[in-house]
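Down below is the structure, laid out as structure tokens.
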Amino acid sequence: MALMLKDPRTSWRLLLAISILVPTAVWGAAAWSDYETTTARAREYVLTTTNALAEQANDALQSADLILASMLDHVDGMDWPAIGQSRQVHDFLAKLAAGRPQVQSVFFVDPDGFNSASSRAFPMGRFDDRQREYYREAVNGNDKLHIAPAFLGQMTGLPGFTVSRPRITNGRFDGVAAVTFSPSYFQAFYEKIALDPSATAAALVRTDGNLLVRYPEPERLVQKLPPTNALLRAAASGVDSGTIFAVSANDGRDKLAGFRRVDGQPLIATLGLARSAYLAHWYRHLVWMTIFAVLTALAFATASRSVLRRAEAEEQSLRRLLAESERRKEAESKVHFLQKMEALGRLSGGVAHDFNNLLAAILGSLELALKRLDQPAQVRRFIDTAIQAAQRGARLTGQMLAFSRNKDAATLAIDVNGVVRESEALLERTVGALVHVTYDLDAALWPAVADRVQLEVALLNLAGNARDAMPLGGRLIVTTRNAVVRAEGDSRLAPGEYVQIAVADTGAGMDEIVQARAFEPFFTTKATGKGTGLGLSQVYGFAHQLGGSVAMTSTPDEGTTVIIWLPRAEVAAEQPLPITFGEPAKMACRQILVVDDDDAVRALAEEMLADLGHNVTAVGTGALALDRLRSDEAFDLLLVDYAMPAMTGVQLAAEAIKLRPGLPILFITGYADTDTLKPWLARGHGMLSKPFSSADLGSAIQQMLARLGQGSAPNEKYLSSG
């Protein structure tokens, strides 16, 4: 103020300089920050979408592998003249191709390099495939799944690419089984997930540069990328996924490209986003920020002339800041959408990872059992291993259903120490040999109200997290204690008596930021595909569903302790019944109508019922079942799948009761809306969850018939009404 009074010109120049320099500096910092944010969002979108493309390609290749395995199993033992002349083989191939939009055709090539049998025509013409890459690779001894370059079909003229596997007979090459994929199937998926086809381009490329699929297709399509292509160089560097800036070989545009290798295959999924497209948002922001900076400078200059004008300029500036805040909120909502997509990818990757482990155990055990059919003891051991893996899969499915609130927890009074002891071997296998597990169990522990399966899963989740926190080894301590919460105690719990289960590790620990989000669904610090982010949230939901709670303490580099609080049970703990796969109690022979649209499940149920001594009629649709019920055939029981196309199990049951009042009905289901079935269960009908054993099926039938008063012999009033 003294300077302004002594030299107004100097003061004006100083204020004018400040009014220019300060807004310019703010403008530059805001512009750079907005540029970094815009680029980061673009990278996140590109990576998330590229992961989705890679997962779709991986699913398609797994489907192809299953098709090829079915083809080779079907012609096992057949010679090539028989394969080429068999109408039944053609019909089987046509059935494999039908209903799969990604498949153009499935076919066999004989050892001489000519088409032998195909889903397209019967008999198949003698097309020469000797120059096809997949044939040459198979002849040269490549016995792995092979993905050939794109080509135009000899019969249809349509583009496609082939996935093949050689047929090996007596250790020697004996022809090729192949599946031709349609690029349009992948292009349709790419079209759905691309934000703007004019700005994005998705592709599936072999690591040698051969382009299999691209969307959208440019007028000048490069069929093979040169070895100097930036995408191929990045993928060849050993990095499985990432982003690069490069010039497109097809349209010459400068793009931000994301890439990810398809698991175990020489394929790269890629998505390119034109820099001009995502920078257009930044340019618009830049214009507004420039306007804001200029107006701010004018406001500063005007403020030197008049305090009143300065106040008015500040008010206008505040309005602009509020408008900018709204625009930023809109941008943050888009980032939130991309984060949800990433969370969905982590969930599907984690669940696929867990189920692939279980399937590996099941398939490997059954394969070894088939090879040792002459060694009953070994066969029984391998089958037991497969059964245990299947039971773990059923438990994992139960966990997911409980999390989605579609399956109620089976709460009982349980012995927590007993559950811990029974899980001891599995816990120690989960954490590995580098982690030493100790137990401090209260001998006078009260029984707790809990679901046994969910408690086991919770312990395994906590053990798995502890293992990941101790990659170089450490200690895991499992402790149980009785606890009483007073009225003035922990506000998270109602006053009462509780059982505490504490799982502590000496691992890396967590900082306050990670701890604050640890129980959020889908939140995980693990790499993509290594965790679903549901472990701790499942523990939290399990405890709170029962009226308990979960507490966590953690210190970086010192370890983490998770404490589960479960309400004390007022009755003695129930002892779990052992899981057996023996024969159920003998019962009278029944005439049973089985209805299931899944051929494998229907055949399995039919075999189980036959083994139990029943007479079985099996059909695949509700319409066929009603035809049987309208006939003179006698039926004592209807066994029906809950979820079927055209007519659900409940709809069929309603029609069946009209035709045969009082007919007992047993619903089998893997994921049912139990509210829909409650009226039927209240009337004495039964429900059996998949998967089930022969003993489960027999027991379910016995219990349901006993409730309906038909436990001793077939009831004549449920026989044919004709």
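Chain labels A, B, ... are given in the sequence in which chains occur in the structure tokens; within each chain residues are numbered consecutively from 1, and ligands are likewise numbered from 1 in the order shown.
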Close residues, Thr553 in chain A itself excluded, 10 Å, only C-alpha atoms, min 2 positions apart in chain, as a ChimeraX atom specification = /A:504,509-510,512,515,551,555,559-563
Output C-alpha atoms for every residue in that selection, as a compact mmCIF listing (two decimals), in the first residue's frame.
# COMPACT_ATOMS: atom_id res chain seq x y z
CA ALA A 504 -1.91 -63.63 12.80
CA GLY A 509 1.67 -55.83 6.93
CA MET A 510 -0.47 -53.00 5.56
CA GLU A 512 -3.41 -47.22 6.92
CA GLN A 515 -6.30 -51.19 5.83
CA ALA A 551 -11.35 -56.63 13.47
CA THR A 555 1.77 -52.70 10.95
CA GLY A 559 2.54 -58.42 10.27
CA THR A 560 -1.25 -58.55 10.35
CA THR A 561 -3.80 -60.00 12.77
CA VAL A 562 -7.44 -60.62 11.78
CA ILE A 563 -9.92 -61.46 14.58
So which residues of range 203-283 of chain A fall under strand (DSSP E or B) by DSSP, listed as a VMD selection string?
-> chain A and resid 203 to 206 210 to 215 224 241 to 247 254 to 261 267 to 274
Using DSSP on the backbone, list every residue of range 91-295 of chain A that comes out as alpha helix (DSSP H), and give them as an MDAnalysis selection string.
-> chainID A and resid 91:97 133:139 183:193 230:236 275:295
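Between CA of Asp451 in chain A and CA of Leu412 in chain A lies a distance of 6.2 Å.
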For Val179 in chain A, list every protein, DNA or RNA residue within 7 Å, evaluated using only C-alpha atoms, and leave out those in the same chain fewer than 2 positions away; present the list as a PyMOL selection string.
-> chain A and resi 64+103+105-107+162-164+181
Within 7 Å of range 604-615 of chain A, counting only C-alpha atoms, which residues show up once you throw out same-chain ones fewer than 3 positions away? Write them as number ranges by chain, please.
-> A: 589-592, 600-601, 618, 694
Produce a file of the selected residues containing N, CA, C and O atoms, as a PDB file, in the first residue's frame.
ATOM      1  N   CYS A 589     -38.557-100.484  -5.365  1.00  0.00           N
ATOM      2  CA  CYS A 589     -38.340-100.039  -6.746  1.00  0.00           C
ATOM      3  C   CYS A 589     -39.445 -99.053  -7.138  1.00  0.00           C
ATOM      4  O   CYS A 589     -40.623 -99.307  -6.936  1.00  0.00           O
ATOM      5  N   ARG A 590     -39.029 -97.920  -7.701  1.00  0.00           N
ATOM      6  CA  ARG A 590     -39.982 -96.895  -8.131  1.00  0.00           C
ATOM      7  C   ARG A 590     -39.875 -96.679  -9.640  1.00  0.00           C
ATOM      8  O   ARG A 590     -38.817 -96.910 -10.233  1.00  0.00           O
ATOM      9  N   GLN A 591     -40.973 -96.197 -10.200  1.00  0.00           N
ATOM     10  CA  GLN A 591     -40.975 -95.815 -11.618  1.00  0.00           C
ATOM     11  C   GLN A 591     -40.784 -94.291 -11.650  1.00  0.00           C
ATOM     12  O   GLN A 591     -41.661 -93.540 -11.226  1.00  0.00           O
ATOM     13  N   ILE A 592     -39.635 -93.827 -12.135  1.00  0.00           N
ATOM     14  CA  ILE A 592     -39.258 -92.416 -12.010  1.00  0.00           C
ATOM     15  C   ILE A 592     -39.104 -91.797 -13.402  1.00  0.00           C
ATOM     16  O   ILE A 592     -38.466 -92.379 -14.281  1.00  0.00           O
ATOM     17  N   ALA A 600     -25.586 -84.741 -20.252  1.00  0.00           N
ATOM     18  CA  ALA A 600     -24.677 -85.418 -19.321  1.00  0.00           C
ATOM     19  C   ALA A 600     -25.330 -85.604 -17.952  1.00  0.00           C
ATOM     20  O   ALA A 600     -25.265 -86.679 -17.352  1.00  0.00           O
ATOM     21  N   VAL A 601     -25.976 -84.550 -17.447  1.00  0.00           N
ATOM     22  CA  VAL A 601     -26.612 -84.649 -16.131  1.00  0.00           C
ATOM     23  C   VAL A 601     -27.769 -85.645 -16.178  1.00  0.00           C
ATOM     24  O   VAL A 601     -27.977 -86.436 -15.247  1.00  0.00           O
ATOM     25  N   ALA A 618     -36.219 -91.208 -19.066  1.00  0.00           N
ATOM     26  CA  ALA A 618     -35.527 -89.921 -19.088  1.00  0.00           C
ATOM     27  C   ALA A 618     -35.843 -89.179 -20.379  1.00  0.00           C
ATOM     28  O   ALA A 618     -35.794 -89.757 -21.465  1.00  0.00           O
ATOM     29  N   SER A 694     -24.719 -90.369  -5.641  1.00  0.00           N
ATOM     30  CA  SER A 694     -25.786 -91.366  -5.688  1.00  0.00           C
ATOM     31  C   SER A 694     -26.451 -91.495  -4.323  1.00  0.00           C
ATOM     32  O   SER A 694     -27.681 -91.602  -4.224  1.00  0.00           O
TER      33      SER A 694
END
Got a sec: who's within 12 Å of Thr156 in chain A, counting only C-alpha atoms, leaving out chain neighbours fewer than 2 positions off, as a PyMOL selection string?
-> chain A and resi 104-105+120-121+151-154+158-160+180+182
Rounded to one decimal in Å, what is the spacing between CA of Ala148 in chain A and CA of Ser119 in chain A?
-> 19.2 Å
Fewer than 6 positions away in the same chain doesn't count, so skip those; otherwise give me all residues within 12 Å of Asp196 in chain A, counting only C-alpha atoms, as a PyMOL selection string.
-> chain A and resi 190+202+215-216+271-274+277-278
Mind pulling up the distance from CA of Gln62 in chain A to CA of Val205 in chain A?
-> 17.4 Å
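Counting only C-alpha atoms and comparing A:Leu204, A:Val46, A:Ala31, A:Leu493, the residue that lies closest to Ile244 in chain A is A:Val46.
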Which residues are near Ala369 in chain A? Cut-off 7 Å, only C-alpha atoms, ignore same chain within fewer than 5 positions. Put them as an mmCIF file with C-alpha atoms, in the first residue's frame.
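Output below, filename part_33.cif:
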data_model
loop_
_atom_site.group_PDB
_atom_site.id
_atom_site.type_symbol
_atom_site.label_atom_id
_atom_site.label_comp_id
_atom_site.auth_asym_id
_atom_site.auth_seq_id
_atom_site.Cartn_x
_atom_site.Cartn_y
_atom_site.Cartn_z
ATOM 1 C CA VAL A 379 -7.644 -96.216 -9.202
ATOM 2 C CA PHE A 382 -7.047 -91.187 -7.891
ATOM 3 C CA ILE A 383 -10.856 -91.237 -7.836
#
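Nearest-residue note for Asp174 in chain A: choosing from A:Thr430, A:Thr270, A:Thr37, A:Asn140, the minimum distance belongs to A:Asn140, counting only C-alpha atoms.
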